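Below is upload-v9.csv, which holds CSV, C-alpha atoms.
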chain,number,residue,atom,x,y,z
G,1,ASP,CA,-48.9,182.1,33.5
G,2,GLY,CA,-51.5,180.2,31.7
G,3,GLY,CA,-54.4,178.9,33.6
G,4,ILE,CA,-58.0,179.1,34.7
G,5,THR,CA,-59.1,181.6,37.3
G,6,GLN,CA,-62.3,181.7,39.4
G,7,SER,CA,-63.3,184.6,41.5
G,8,PRO,CA,-64.1,185.3,44.2
G,9,LYS,CA,-62.9,182.4,46.3
G,10,TYR,CA,-65.7,183.0,48.9
G,11,LEU,CA,-69.0,184.6,48.3
G,12,PHE,CA,-71.9,185.4,50.6
G,13,ARG,CA,-75.3,186.1,49.2
G,14,LYS,CA,-78.6,187.0,50.8
G,15,GLU,CA,-81.6,185.0,50.0
G,16,GLY,CA,-83.5,186.3,47.0
G,17,GLN,CA,-80.4,187.9,45.3
G,18,ASN,CA,-78.8,186.9,42.1
G,19,VAL,CA,-75.0,186.5,42.1
G,20,THR,CA,-72.5,186.0,39.3
G,21,LEU,CA,-69.4,183.8,39.6
G,22,SER,CA,-66.5,184.6,37.4
G,23,CYS,CA,-64.4,182.1,35.3
G,24,GLU,CA,-61.6,183.2,33.0
G,25,GLN,CA,-59.1,181.1,31.1
G,26,ASN,CA,-56.1,182.1,29.0
G,27,LEU,CA,-55.4,178.6,27.7
G,28,ASN,CA,-57.2,179.1,24.4
G,29,HIS,CA,-59.5,176.3,25.2
G,30,ASP,CA,-62.8,176.0,23.3
G,31,ALA,CA,-64.7,174.0,25.9
G,32,MET,CA,-65.7,175.3,29.3
G,33,TYR,CA,-67.8,173.8,32.1
G,34,TRP,CA,-69.5,174.7,35.4
G,35,TYR,CA,-70.0,172.1,38.2
G,36,ARG,CA,-71.6,172.2,41.6
G,37,GLN,CA,-70.2,170.1,44.5
G,38,ASP,CA,-72.0,169.5,47.8
G,39,PRO,CA,-70.1,168.3,50.9
G,40,GLY,CA,-68.9,164.8,50.5
G,41,GLN,CA,-70.4,164.5,47.0
G,42,GLY,CA,-69.2,164.3,43.5
G,43,LEU,CA,-69.4,166.9,40.8
G,44,ARG,CA,-72.7,167.7,39.1
G,45,LEU,CA,-72.6,169.4,35.7
G,46,ILE,CA,-74.6,172.7,35.5
G,47,TYR,CA,-73.8,174.1,32.1
G,48,TYR,CA,-71.2,173.5,29.4
G,49,SER,CA,-70.0,175.3,26.3
G,50,GLN,CA,-68.1,173.9,23.4
G,51,ILE,CA,-67.7,177.2,21.4
G,52,VAL,CA,-68.3,180.9,21.8
G,53,ASN,CA,-71.9,182.0,21.7
G,54,ASP,CA,-73.1,178.5,22.3
G,55,PHE,CA,-73.8,176.5,25.5
G,56,GLN,CA,-75.9,173.6,26.7
G,57,LYS,CA,-77.7,172.6,29.9
G,58,GLY,CA,-76.1,170.0,32.1
G,59,ASP,CA,-77.8,167.8,34.6
G,60,ILE,CA,-78.8,170.5,37.1
G,61,ALA,CA,-79.3,173.8,35.1
G,62,GLU,CA,-82.5,174.9,36.8
G,63,GLY,CA,-81.9,178.2,38.7
G,64,TYR,CA,-78.6,179.0,36.9
G,65,SER,CA,-77.7,180.9,33.8
G,66,VAL,CA,-74.5,181.4,31.8
G,67,SER,CA,-73.2,183.3,28.8
G,68,ARG,CA,-70.3,182.7,26.5
G,69,GLU,CA,-69.6,186.0,24.7
G,70,LYS,CA,-65.9,185.5,24.7
G,71,LYS,CA,-63.7,182.4,24.4
G,72,GLU,CA,-61.9,183.3,27.6
G,73,SER,CA,-64.9,183.9,29.8
G,74,PHE,CA,-67.8,181.7,31.0
G,75,PRO,CA,-69.6,183.5,33.9
G,76,LEU,CA,-72.3,181.7,35.9
G,77,THR,CA,-75.2,183.5,37.5
G,78,VAL,CA,-76.9,181.8,40.4
G,79,THR,CA,-80.5,183.2,40.4
G,80,SER,CA,-83.0,183.5,43.2
G,81,ALA,CA,-84.8,180.6,41.6
G,82,GLN,CA,-82.1,178.2,42.8
G,83,LYS,CA,-83.6,176.8,46.0
G,84,ASN,CA,-80.4,175.6,47.6
G,85,PRO,CA,-77.5,177.5,46.2
G,86,THR,CA,-75.0,177.0,49.1
G,87,ALA,CA,-72.3,174.9,47.5
G,88,PHE,CA,-68.8,174.7,46.1
G,89,TYR,CA,-68.7,175.8,42.4
G,90,LEU,CA,-66.0,174.6,40.0
G,91,CYS,CA,-65.2,175.9,36.5
G,92,ALA,CA,-63.1,173.9,34.0
G,93,SER,CA,-61.9,174.2,30.5
G,94,SER,CA,-60.5,171.7,28.0
G,95,ILE,CA,-59.3,171.2,24.4
G,96,ARG,CA,-61.5,169.2,22.1
G,97,LYS,CA,-59.3,167.2,19.8
G,98,ASP,CA,-61.0,165.5,16.9
G,99,ARG,CA,-64.4,166.0,18.5
G,100,TRP,CA,-63.4,164.4,21.9
G,101,ASN,CA,-62.7,166.0,25.2
G,102,THR,CA,-59.1,165.8,26.4
G,103,GLU,CA,-57.5,166.9,29.6
G,104,ALA,CA,-59.5,169.4,31.6
G,105,PHE,CA,-58.1,172.1,33.7
G,106,PHE,CA,-60.0,173.3,36.8
G,107,GLY,CA,-60.1,176.5,38.7
G,108,GLN,CA,-59.7,176.6,42.5
G,109,GLY,CA,-63.4,177.0,43.0
G,110,THR,CA,-65.8,179.5,44.6
G,111,ARG,CA,-67.6,178.7,47.8
G,112,LEU,CA,-71.0,180.3,47.8
G,113,THR,CA,-72.9,180.6,51.0
G,114,VAL,CA,-76.5,182.0,51.3
G,115,VAL,CA,-77.0,183.9,54.5
Z,116,SER,CA,-75.2,157.3,30.6
Z,117,GLN,CA,-71.7,158.5,30.1
Z,118,GLN,CA,-71.0,158.8,33.8
Z,119,GLY,CA,-68.5,156.6,35.4
Z,120,GLU,CA,-69.0,154.9,38.8
Z,121,GLU,CA,-66.1,154.6,41.1
Z,122,ASP,CA,-65.6,151.8,43.5
Z,123,PRO,CA,-65.0,151.7,46.5
Z,124,GLN,CA,-66.5,154.9,47.8
Z,125,ALA,CA,-63.9,155.1,50.5
Z,126,LEU,CA,-60.5,153.4,51.0
Z,127,SER,CA,-58.1,153.7,53.9
Z,128,ILE,CA,-54.6,152.3,53.8
Z,129,GLN,CA,-51.2,152.7,55.5
Z,130,GLU,CA,-48.4,154.7,53.9
Z,131,GLY,CA,-46.3,152.5,51.6
Z,132,GLU,CA,-49.2,150.2,50.6
Z,133,ASN,CA,-50.8,150.1,47.2
Z,134,ALA,CA,-54.2,151.6,46.5
Z,135,THR,CA,-56.5,150.3,43.8
Z,136,MET,CA,-59.7,152.0,42.7
Z,137,ASN,CA,-62.1,151.0,40.0
Z,138,CYS,CA,-64.3,152.8,37.5
Z,139,SER,CA,-67.2,151.2,35.6
Z,140,TYR,CA,-69.1,152.8,32.7
Z,141,LYS,CA,-71.9,151.9,30.4
Z,142,THR,CA,-71.3,153.4,26.9
Z,143,SER,CA,-68.5,152.8,24.4
Z,144,ILE,CA,-65.7,155.3,24.9
Z,145,ASN,CA,-63.1,157.3,23.0
Z,146,ASN,CA,-61.0,157.8,26.1
Z,147,LEU,CA,-61.2,157.7,29.9
Z,148,GLN,CA,-59.6,160.2,32.3
Z,149,TRP,CA,-58.7,160.1,35.9
Z,150,TYR,CA,-58.6,163.1,38.2
Z,151,ARG,CA,-57.6,163.8,41.8
Z,152,GLN,CA,-59.2,166.4,44.1
Z,153,ASN,CA,-57.6,167.5,47.3
Z,154,SER,CA,-60.0,168.8,49.9
Z,155,GLY,CA,-61.5,172.2,49.0
Z,156,ARG,CA,-59.6,172.4,45.8
Z,157,GLY,CA,-60.2,172.0,42.1
Z,158,LEU,CA,-59.6,168.7,40.3
Z,159,VAL,CA,-56.2,167.9,38.8
Z,160,HIS,CA,-55.9,165.7,35.7
Z,161,LEU,CA,-53.8,162.6,36.3
Z,162,ILE,CA,-53.9,160.5,33.2
Z,163,LEU,CA,-55.8,159.8,30.0
Z,164,ILE,CA,-56.1,156.4,28.5
Z,165,ARG,CA,-57.5,155.9,25.0
Z,166,SER,CA,-59.9,153.1,24.0
Z,167,ASN,CA,-57.2,151.3,22.0
Z,168,GLU,CA,-54.8,151.3,25.0
Z,169,ARG,CA,-54.8,148.6,27.7
Z,170,GLU,CA,-52.4,150.1,30.2
Z,171,LYS,CA,-50.7,153.4,30.9
Z,172,HIS,CA,-48.1,154.5,33.5
Z,173,SER,CA,-47.3,157.8,35.0
Z,174,GLY,CA,-44.8,157.8,37.9
Z,175,ARG,CA,-46.4,155.8,40.7
Z,176,LEU,CA,-49.7,155.6,38.8
Z,177,ARG,CA,-50.8,152.7,36.7
Z,178,VAL,CA,-54.1,152.8,34.8
Z,179,THR,CA,-55.7,149.8,33.0
Z,180,LEU,CA,-58.6,149.8,30.7
Z,181,ASP,CA,-60.8,146.8,29.7
Z,182,THR,CA,-63.3,147.9,27.1
Z,183,SER,CA,-64.9,144.5,27.0
Z,184,LYS,CA,-65.9,144.8,30.6
Z,185,LYS,CA,-66.3,148.6,30.4
Z,186,SER,CA,-64.1,149.2,33.3
Z,187,SER,CA,-60.8,150.9,34.3
Z,188,SER,CA,-58.6,150.7,37.4
Z,189,LEU,CA,-56.2,153.2,38.9
Z,190,LEU,CA,-53.4,151.8,41.0
Z,191,ILE,CA,-51.2,154.0,43.1
Z,192,THR,CA,-48.1,152.2,44.2
Z,193,ALA,CA,-46.1,152.9,47.4
Z,194,SER,CA,-48.7,155.4,48.6
Z,195,ARG,CA,-47.8,158.5,50.6
Z,196,ALA,CA,-49.8,160.6,53.0
Z,197,ALA,CA,-49.9,163.3,50.3
Z,198,ASP,CA,-51.9,160.9,48.1
Z,199,THR,CA,-54.9,161.5,50.5
Z,200,ALA,CA,-57.6,162.9,48.2
Z,201,SER,CA,-60.7,162.0,46.2
Z,202,TYR,CA,-60.2,160.3,42.8
Z,203,PHE,CA,-62.7,160.6,40.0
Z,204,CYS,CA,-62.9,159.0,36.6
Z,205,ALA,CA,-64.5,160.6,33.5
Z,206,PRO,CA,-65.3,158.3,30.5
Z,207,ILE,CA,-65.5,160.2,27.3
Z,208,GLY,CA,-68.2,158.5,25.1
Z,209,SER,CA,-67.6,157.7,21.5
Z,210,GLY,CA,-70.7,159.6,20.6
Z,211,ASN,CA,-69.3,162.5,22.6
Z,212,THR,CA,-71.8,165.2,23.2
Z,213,GLY,CA,-69.2,167.5,24.7
Z,214,LYS,CA,-70.2,166.7,28.2
Z,215,LEU,CA,-67.6,165.9,30.9
Z,216,ILE,CA,-69.3,164.1,33.7
Z,217,PHE,CA,-67.9,162.7,36.9
Z,218,GLY,CA,-69.1,160.1,39.4
Z,219,GLN,CA,-69.1,160.2,43.2
Z,220,GLY,CA,-65.4,159.4,43.4
Z,221,THR,CA,-63.3,157.3,45.7
Z,222,THR,CA,-62.0,159.0,48.8
Z,223,LEU,CA,-58.6,157.7,49.7
Z,224,GLN,CA,-57.0,158.2,53.1
Z,225,VAL,CA,-53.4,157.3,53.5
Z,226,LYS,CA,-52.3,157.0,57.1
Z,227,PRO,CA,-48.7,157.9,58.0
With the file now loaded, output its structure as structure tokens.
Amino acid sequence: DGGITQSPKYLFRKEGQNVTLSCEQNLNHDAMYWYRQDPGQGLRLIYYSQIVNDFQKGDIAEGYSVSREKKESFPLTVTSAQKNPTAFYLCASSIRKDRWNTEAFFGQGTRLTVV
Amino acid sequence: SQQGEEDPQALSIQEGENATMNCSYKTSINNLQWYRQNSGRGLVHLILIRSNEREKHSGRLRVTLDTSKKSSSLLITASRAADTASYFCAPIGSGNTGKLIFGQGTTLQVKP
């Protein structure tokens, strides 16, 4: 089955620890994205990548890091520098057709809680 | 900004009624997309309308686009309880930087 998979679904982290969220897609999409969603709020873009070995900061990149070593994978690391990391994290991927983004597919999300 | 702004923020209707939500944006666009999010889940793509299109249908969904007013609307006809969700628009700018940005969304509650 083709799709985009995030793991784990729930993640607990102690304050001061780094944690890495996984995002894998087998849709052959070039573009991938990471978003953060707080309760009752919209999505805020953390990082995005249009091609392997390249990525750009979104609107709230501070305290986060990413890598894009493979087309299929776009892991997000939440570092200890992120002051309020408890949130719902969503990963997405899409095709870029003639330079423009088309339909995006989303994973089911990872709910991160700092304890 | 490429971000769309959805209006209203919240909408509550009875099953069987129509629901209309709006999206306004500021830049010229190549296309505009609508998504649905059920509580605690990822977003699901509903429909994409290109800048040279004025209206598009998909089942009970009707999307209109007015590029002169920089606005779009999503109409859900004969709503069902299962339509209860948050709805987001994503305008894709003509000078697309590759970003895919969403607004705060419209939370729709359909009462049985």
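Between CA of Pro8 (chain G) and CA of Gln25 (chain G) the separation is 14.6 Å.
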message = I want to know what sits within 8 Å of region 149-152 of chain Z, based on only C-alpha atoms, with residues of the same chain fewer than 4 positions away left out; could you give that as a list of chain:residue names?
response =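 The filter keeps Z:Arg156, Z:Gly157, Z:Leu158, Z:Val159, Z:His160, Z:Leu161, Z:Ile162, Z:Leu163, Z:Leu189, Z:Ala200, Z:Ser201, Z:Tyr202, Z:Phe203, Z:Cys204, Z:Ala205.
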request  = Tell me which protein, DNA and RNA residues are within 7 Å of Arg111 (chain G), counting all atoms listed in the file, leaving out same-chain ones fewer than 3 positions away, and put them as a ChimeraX atom specification.
outcome  = /G:9-11,87-89
Exercise answer, chain G residues close to chain Z, 7 Å and all atoms listed in the file, as number ranges by chain = G: 41-43, 45, 48, 50, 90, 100-101, 103-109
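Between CA of Asn137 (chain Z) and CA of Ala31 (chain G) the interatomic distance comes to 27.1 Å.
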Selection near Tyr64 (chain G), 7 Å with only C-alpha atoms, sequence-local residues under 2 positions removed, as a short mmCIF file (atom, residue, chain, number, x, y, z; two decimals) with C-alpha atoms, in the frame of the given file:
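The resulting result27.cif:
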data_model
loop_
_atom_site.label_atom_id
_atom_site.label_comp_id
_atom_site.auth_asym_id
_atom_site.auth_seq_id
_atom_site.Cartn_x
_atom_site.Cartn_y
_atom_site.Cartn_z
CA ALA G 61 -79.30 173.80 35.10
CA GLU G 62 -82.50 174.90 36.80
CA VAL G 66 -74.50 181.40 31.80
CA LEU G 76 -72.30 181.70 35.90
CA THR G 77 -75.20 183.50 37.50
CA VAL G 78 -76.90 181.80 40.40
CA THR G 79 -80.50 183.20 40.40
CA GLN G 82 -82.10 178.20 42.80
#
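Atom pair CA of Pro75 (chain G) / CA of Tyr33 (chain G): separated by 10.0 Å.
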ask   = When distances are computed from all atoms listed in the file, which of Z:Cys138, Z:Glu120, Z:Ser166, Z:Gly131 shows the smallest separation from Ser188 (chain Z)?
value = Z:Cys138
inquiry  = Give me the residues near Arg177 (chain Z) as a ChimeraX atom specification, where near means some atom within 12 Å (using only C-alpha atoms) and where sequence neighbours in that chain fewer than 2 positions away do not count.
reply    = /Z:133-137,149,161-164,169-175,179-180,187-193
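Each of G:Glu69, G:Asn84, G:Lys57, G:Leu112 was compared to Val19 (chain G) using all atoms listed in the file, and G:Leu112 turns out to be the nearest.
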query = Which polymer residues have any atom within 12 Å of an atom of Gln17 (chain G), counting all atoms listed in the file, with same-chain residues fewer than 2 positions away left out, as a ChimeraX atom specification?
reply = /G:12-15,19-20,63,77-83,85,113-115
